[in-house]
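This report refers to the structure that appears directly beneath it.
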Amino acid sequence: MRPSIREDILRISVALFNERGYGNVSLRDISGALGVSVGNLNYYFAKKQDILQAIMERNFLLTAVQEDITTLAQLHGFLARMLDSLSTHAFYFRDPSIHGLNLRGEENVNGLYHIFVQALKELQARGIFQDTLTPDRLESLVKVLMLSHLAWIQPSPQYSAVQSMTREEFLAAHWLLLDPYFTDKGRKEYLQTIKR
């Protein structure tokens with residue numbers, strides 16, 4: 001087997017899960033798409049849930065940032081990665097019944113929430129956001145934005161107005177919610193780095 005088989009398994013699994021839904025894909029389907037036996041697949045992952053956990057853990061690591069977010073450009077990149085994560089792993093975010101299978105899912109979502117909150121606090125300390133963005137408002141704003149991500153990725157006709165937003169439009173909408181809290185310094189940085 002090729003050394004990259006583990007990454008191939010994850011890549012093919014994401015494609016199949018997005019196409020058919022997690023519950024409609026078996027290990028046999030994944031092994032067939034890879035052209036390997038189920039036994040070879042089991043060498044890397046004993047069960048489908050193990051594949052799901054590996055996919056979502058890798059997703060968290062690619063989405064989260066390791067360094068402090070100290071500029072609006074870095075925050076923009078973080079928000080873009082969050083939206084890309086939703087699009088790439090739509091099968092997961094569209095099916096709440098599988099969330100419990102990802103043992104670190106809640107921990108990872110909380111991790112992203114805390115990164116977002118800390119980023120806004122750091123930017124506020126740097127004079128980008130006004131003091132009117134109180135800790136309660138800041139946390140509520142982050143919660144609303146993160147909850148809106150779940151509505152944006154849903155394929156339901158009830159959300160057709162939300163779905164009509166492209167990734168770029170939705171990302172720009174984040175800044176509309178943050179805009180009232182900019183200081184003059186923050187607005188200048190925003191206009192120079194984000195809204196060019």
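By convention here, the chains of the structure tokens are called A, B, ... in the order presented, each chain's residues are numbered starting at 1, and ligands are numbered starting at 1 in the order presented.
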
I'd like the neighbourhood of segment 132-140 of chain A as a PyMOL selection string, where a residue qualifies if any of its atoms comes within 7 Å (using only C-alpha atoms), though same-chain residues fewer than 3 positions away should be ignored. chain A and resi 117+129+143-144+181

Env of segment 43-45 of chain A: 12 Å cut, atoms = only C-alpha atoms, seq-sep filter 3 positions within chain, self excluded. Answer as a PyMOL selection string. chain A and resi 1+3-10+13+27+30-31+36-40+48-55

What's the 12 Å shell around Lys185 of chain A, counting only C-alpha atoms, without same-chain residues fewer than 6 positions away, as an MDAnalysis selection string? chainID A and resid 71:72 123:124 126:130 191:192

Keeping only all heavy atoms, write the selected residues as an mmCIF file, in the first residue's frame.
```
data_model
loop_
_atom_site.group_PDB
_atom_site.id
_atom_site.type_symbol
_atom_site.label_atom_id
_atom_site.label_comp_id
_atom_site.auth_asym_id
_atom_site.auth_seq_id
_atom_site.Cartn_x
_atom_site.Cartn_y
_atom_site.Cartn_z
ATOM 1 N N THR A 71 -4.310 40.866 14.143
ATOM 2 C CA THR A 71 -4.681 41.779 13.056
ATOM 3 C C THR A 71 -6.030 41.360 12.488
ATOM 4 O O THR A 71 -6.446 40.201 12.615
ATOM 5 C CB THR A 71 -3.645 41.765 11.917
ATOM 6 O OG1 THR A 71 -3.684 40.484 11.270
ATOM 7 C CG2 THR A 71 -2.236 42.055 12.428
ATOM 8 N N LEU A 72 -6.677 42.305 11.829
ATOM 9 C CA LEU A 72 -7.949 41.987 11.178
ATOM 10 C C LEU A 72 -7.741 41.006 10.034
ATOM 11 O O LEU A 72 -8.598 40.160 9.776
ATOM 12 C CB LEU A 72 -8.632 43.262 10.684
ATOM 13 C CG LEU A 72 -9.150 44.200 11.772
ATOM 14 C CD1 LEU A 72 -9.801 45.429 11.154
ATOM 15 C CD2 LEU A 72 -10.121 43.494 12.706
ATOM 16 N N LEU A 123 -7.832 42.124 19.741
ATOM 17 C CA LEU A 123 -7.985 43.246 18.817
ATOM 18 C C LEU A 123 -8.533 44.474 19.535
ATOM 19 O O LEU A 123 -8.141 45.609 19.238
ATOM 20 C CB LEU A 123 -8.868 42.844 17.638
ATOM 21 C CG LEU A 123 -8.210 41.855 16.671
ATOM 22 C CD1 LEU A 123 -9.239 41.247 15.735
ATOM 23 C CD2 LEU A 123 -7.082 42.519 15.893
ATOM 24 N N GLN A 124 -9.401 44.249 20.496
ATOM 25 C CA GLN A 124 -9.916 45.366 21.285
ATOM 26 C C GLN A 124 -8.789 45.987 22.115
ATOM 27 O O GLN A 124 -8.665 47.214 22.186
ATOM 28 C CB GLN A 124 -11.049 44.895 22.187
ATOM 29 C CG GLN A 124 -11.758 46.021 22.909
ATOM 30 C CD GLN A 124 -12.946 45.521 23.708
ATOM 31 O OE1 GLN A 124 -12.863 44.468 24.357
ATOM 32 N NE2 GLN A 124 -14.038 46.258 23.651
ATOM 33 N N ARG A 126 -5.785 46.127 21.315
ATOM 34 C CA ARG A 126 -4.929 46.847 20.360
ATOM 35 C C ARG A 126 -5.591 48.106 19.823
ATOM 36 O O ARG A 126 -5.021 48.796 18.989
ATOM 37 C CB ARG A 126 -4.584 45.938 19.180
ATOM 38 C CG ARG A 126 -3.573 44.848 19.503
ATOM 39 C CD ARG A 126 -3.066 44.155 18.240
ATOM 40 N NE ARG A 126 -2.475 45.109 17.316
ATOM 41 C CZ ARG A 126 -2.977 45.390 16.112
ATOM 42 N NH1 ARG A 126 -4.058 44.797 15.673
ATOM 43 N NH2 ARG A 126 -2.380 46.264 15.321
ATOM 44 N N GLY A 127 -6.818 48.395 20.269
ATOM 45 C CA GLY A 127 -7.497 49.616 19.845
ATOM 46 C C GLY A 127 -8.283 49.495 18.560
ATOM 47 O O GLY A 127 -8.665 50.492 17.961
ATOM 48 N N ILE A 128 -8.558 48.262 18.113
ATOM 49 C CA ILE A 128 -9.301 48.039 16.877
ATOM 50 C C ILE A 128 -10.816 48.144 17.127
ATOM 51 O O ILE A 128 -11.558 48.623 16.281
ATOM 52 C CB ILE A 128 -8.952 46.656 16.274
ATOM 53 C CG1 ILE A 128 -7.457 46.585 15.950
ATOM 54 C CG2 ILE A 128 -9.799 46.335 15.058
ATOM 55 C CD1 ILE A 128 -6.966 47.566 14.924
ATOM 56 N N PHE A 129 -11.252 47.662 18.289
ATOM 57 C CA PHE A 129 -12.672 47.718 18.646
ATOM 58 C C PHE A 129 -12.862 48.633 19.852
ATOM 59 O O PHE A 129 -12.005 48.721 20.730
ATOM 60 C CB PHE A 129 -13.212 46.318 18.962
ATOM 61 C CG PHE A 129 -13.250 45.409 17.767
ATOM 62 C CD1 PHE A 129 -12.421 44.305 17.690
ATOM 63 C CD2 PHE A 129 -14.111 45.656 16.717
ATOM 64 C CE1 PHE A 129 -12.444 43.461 16.591
ATOM 65 C CE2 PHE A 129 -14.147 44.820 15.606
ATOM 66 C CZ PHE A 129 -13.312 43.730 15.542
ATOM 67 N N GLN A 130 -14.017 49.274 19.897
ATOM 68 C CA GLN A 130 -14.373 50.197 20.972
ATOM 69 C C GLN A 130 -14.640 49.447 22.277
ATOM 70 O O GLN A 130 -14.936 48.252 22.274
ATOM 71 C CB GLN A 130 -15.644 50.970 20.608
ATOM 72 C CG GLN A 130 -15.563 51.767 19.346
ATOM 73 C CD GLN A 130 -16.930 52.300 18.940
ATOM 74 O OE1 GLN A 130 -17.867 52.324 19.726
ATOM 75 N NE2 GLN A 130 -17.036 52.733 17.694
ATOM 76 N N LEU A 191 -10.455 48.899 6.162
ATOM 77 C CA LEU A 191 -10.506 49.405 4.788
ATOM 78 C C LEU A 191 -9.211 49.114 4.042
ATOM 79 O O LEU A 191 -9.226 48.870 2.828
ATOM 80 C CB LEU A 191 -10.796 50.914 4.795
ATOM 81 C CG LEU A 191 -12.200 51.291 5.264
ATOM 82 C CD1 LEU A 191 -12.322 52.805 5.421
ATOM 83 C CD2 LEU A 191 -13.272 50.750 4.333
ATOM 84 N N GLN A 192 -8.091 49.100 4.742
ATOM 85 C CA GLN A 192 -6.806 48.846 4.085
ATOM 86 C C GLN A 192 -6.542 47.375 3.839
ATOM 87 O O GLN A 192 -5.873 47.031 2.858
ATOM 88 C CB GLN A 192 -5.670 49.434 4.936
ATOM 89 C CG GLN A 192 -5.632 50.932 4.948
ATOM 90 C CD GLN A 192 -4.564 51.480 5.877
ATOM 91 O OE1 GLN A 192 -4.079 50.794 6.781
ATOM 92 N NE2 GLN A 192 -4.197 52.743 5.690
#
```

Per residue of segment 115-196 of chain A within 8 Å of segment 80-95 of chain A, record the nearest atom pair and its distance in Å to one decimal, counting only C-alpha atoms, with rows in chain order and ascending residue number, as a tab-separated table.
```
residue	atom	partner	partner_atom	distance
A:His149	CA	A:Leu83	CA	7.2
A:Leu150	CA	A:Phe93	CA	6.7
A:Ile153	CA	A:Leu86	CA	6.6
A:Gln154	CA	A:Arg94	CA	5.8
A:Pro155	CA	A:Arg94	CA	7.9
A:Arg167	CA	A:Leu83	CA	7.1
A:Leu171	CA	A:Ala80	CA	6.8
```

Atom CA of Ala151 of chain A to atom CA of Glu169 of chain A: how many Å, to one decimal?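 Distance reported for this atom pair: 14.4 Å.
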
Could you give me, as a list in words, the residues within 12 Å of Gly111 of chain A, counting only C-alpha atoms and dropping anything in the same chain fewer than 2 positions from it? Glu57, Phe60, Leu61, Thr63, Ala64, Val65, Gln66, Arg104, Gly105, Glu106, Glu107, Asn108, Val109, Tyr113, His114, Ile115, Phe116, Val117 and Gln118 of chain A

Just write the chosen residues, N, CA and C atoms, as a PDB file, in the first residue's frame.
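Saved the output as part.pdb:
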```pdb
ATOM      1  N   GLU A  57     -10.972  15.726  13.511  1.00  0.00           N
ATOM      2  CA  GLU A  57      -9.806  16.204  14.265  1.00  0.00           C
ATOM      3  C   GLU A  57      -8.854  16.946  13.331  1.00  0.00           C
ATOM      4  N   PHE A  60     -10.350  20.308  12.613  1.00  0.00           N
ATOM      5  CA  PHE A  60     -10.142  21.272  13.697  1.00  0.00           C
ATOM      6  C   PHE A  60      -8.731  21.841  13.651  1.00  0.00           C
ATOM      7  N   LEU A  61      -7.743  20.981  13.465  1.00  0.00           N
ATOM      8  CA  LEU A  61      -6.355  21.431  13.449  1.00  0.00           C
ATOM      9  C   LEU A  61      -6.072  22.378  12.283  1.00  0.00           C
ATOM     10  N   THR A  63      -8.372  24.334  10.921  1.00  0.00           N
ATOM     11  CA  THR A  63      -9.195  25.537  11.107  1.00  0.00           C
ATOM     12  C   THR A  63      -8.653  26.422  12.219  1.00  0.00           C
ATOM     13  N   ALA A  64      -8.247  25.800  13.314  1.00  0.00           N
ATOM     14  CA  ALA A  64      -7.747  26.556  14.465  1.00  0.00           C
ATOM     15  C   ALA A  64      -6.413  27.208  14.112  1.00  0.00           C
ATOM     16  N   VAL A  65      -6.069  28.212  14.851  1.00  0.00           N
ATOM     17  CA  VAL A  65      -4.792  28.884  14.638  1.00  0.00           C
ATOM     18  C   VAL A  65      -3.898  28.618  15.837  1.00  0.00           C
ATOM     19  N   GLN A  66      -2.629  28.576  15.586  1.00  0.00           N
ATOM     20  CA  GLN A  66      -1.691  28.309  16.666  1.00  0.00           C
ATOM     21  C   GLN A  66      -1.164  29.601  17.291  1.00  0.00           C
ATOM     22  N   ARG A 104     -14.536  14.213  20.279  1.00  0.00           N
ATOM     23  CA  ARG A 104     -13.931  15.501  20.643  1.00  0.00           C
ATOM     24  C   ARG A 104     -14.648  16.669  19.980  1.00  0.00           C
ATOM     25  N   GLY A 105     -15.795  16.412  19.391  1.00  0.00           N
ATOM     26  CA  GLY A 105     -16.517  17.448  18.651  1.00  0.00           C
ATOM     27  C   GLY A 105     -16.850  18.665  19.483  1.00  0.00           C
ATOM     28  N   GLU A 106     -17.437  18.461  20.646  1.00  0.00           N
ATOM     29  CA  GLU A 106     -17.811  19.591  21.497  1.00  0.00           C
ATOM     30  C   GLU A 106     -16.564  20.359  21.954  1.00  0.00           C
ATOM     31  N   GLU A 107     -15.539  19.610  22.298  1.00  0.00           N
ATOM     32  CA  GLU A 107     -14.282  20.242  22.717  1.00  0.00           C
ATOM     33  C   GLU A 107     -13.694  21.100  21.592  1.00  0.00           C
ATOM     34  N   ASN A 108     -13.758  20.593  20.366  1.00  0.00           N
ATOM     35  CA  ASN A 108     -13.213  21.334  19.232  1.00  0.00           C
ATOM     36  C   ASN A 108     -14.033  22.588  18.932  1.00  0.00           C
ATOM     37  N   VAL A 109     -15.360  22.489  18.992  1.00  0.00           N
ATOM     38  CA  VAL A 109     -16.208  23.662  18.766  1.00  0.00           C
ATOM     39  C   VAL A 109     -15.935  24.703  19.850  1.00  0.00           C
ATOM     40  N   TYR A 113     -14.582  28.536  19.426  1.00  0.00           N
ATOM     41  CA  TYR A 113     -15.288  29.642  20.086  1.00  0.00           C
ATOM     42  C   TYR A 113     -14.306  30.482  20.903  1.00  0.00           C
ATOM     43  N   HIS A 114     -13.468  29.824  21.679  1.00  0.00           N
ATOM     44  CA  HIS A 114     -12.517  30.547  22.524  1.00  0.00           C
ATOM     45  C   HIS A 114     -11.449  31.276  21.703  1.00  0.00           C
ATOM     46  N   ILE A 115     -11.028  30.688  20.591  1.00  0.00           N
ATOM     47  CA  ILE A 115     -10.087  31.370  19.699  1.00  0.00           C
ATOM     48  C   ILE A 115     -10.723  32.660  19.184  1.00  0.00           C
ATOM     49  N   PHE A 116     -11.984  32.577  18.767  1.00  0.00           N
ATOM     50  CA  PHE A 116     -12.712  33.722  18.222  1.00  0.00           C
ATOM     51  C   PHE A 116     -12.864  34.814  19.296  1.00  0.00           C
ATOM     52  N   VAL A 117     -13.306  34.411  20.483  1.00  0.00           N
ATOM     53  CA  VAL A 117     -13.478  35.365  21.587  1.00  0.00           C
ATOM     54  C   VAL A 117     -12.141  36.026  21.924  1.00  0.00           C
ATOM     55  N   GLN A 118     -11.105  35.223  22.064  1.00  0.00           N
ATOM     56  CA  GLN A 118      -9.790  35.762  22.411  1.00  0.00           C
ATOM     57  C   GLN A 118      -9.272  36.712  21.335  1.00  0.00           C
TER      58      GLN A 118
END
```

Which of chain A DSSP labels helix (DSSP H, G or I), written as a ChimeraX atom specification: /A:5-20,22-24,27-34,38-44,48-63,72-88,90-93,96-101,105-125,135-153,157-163,167-181,184-193

From the options A:His76, A:Arg28, A:Arg11, A:Arg58, which residue's atoms come nearest to Leu120 of chain A, counting only C-alpha atoms?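 The closest residue to Leu120 of chain A is A:His76.
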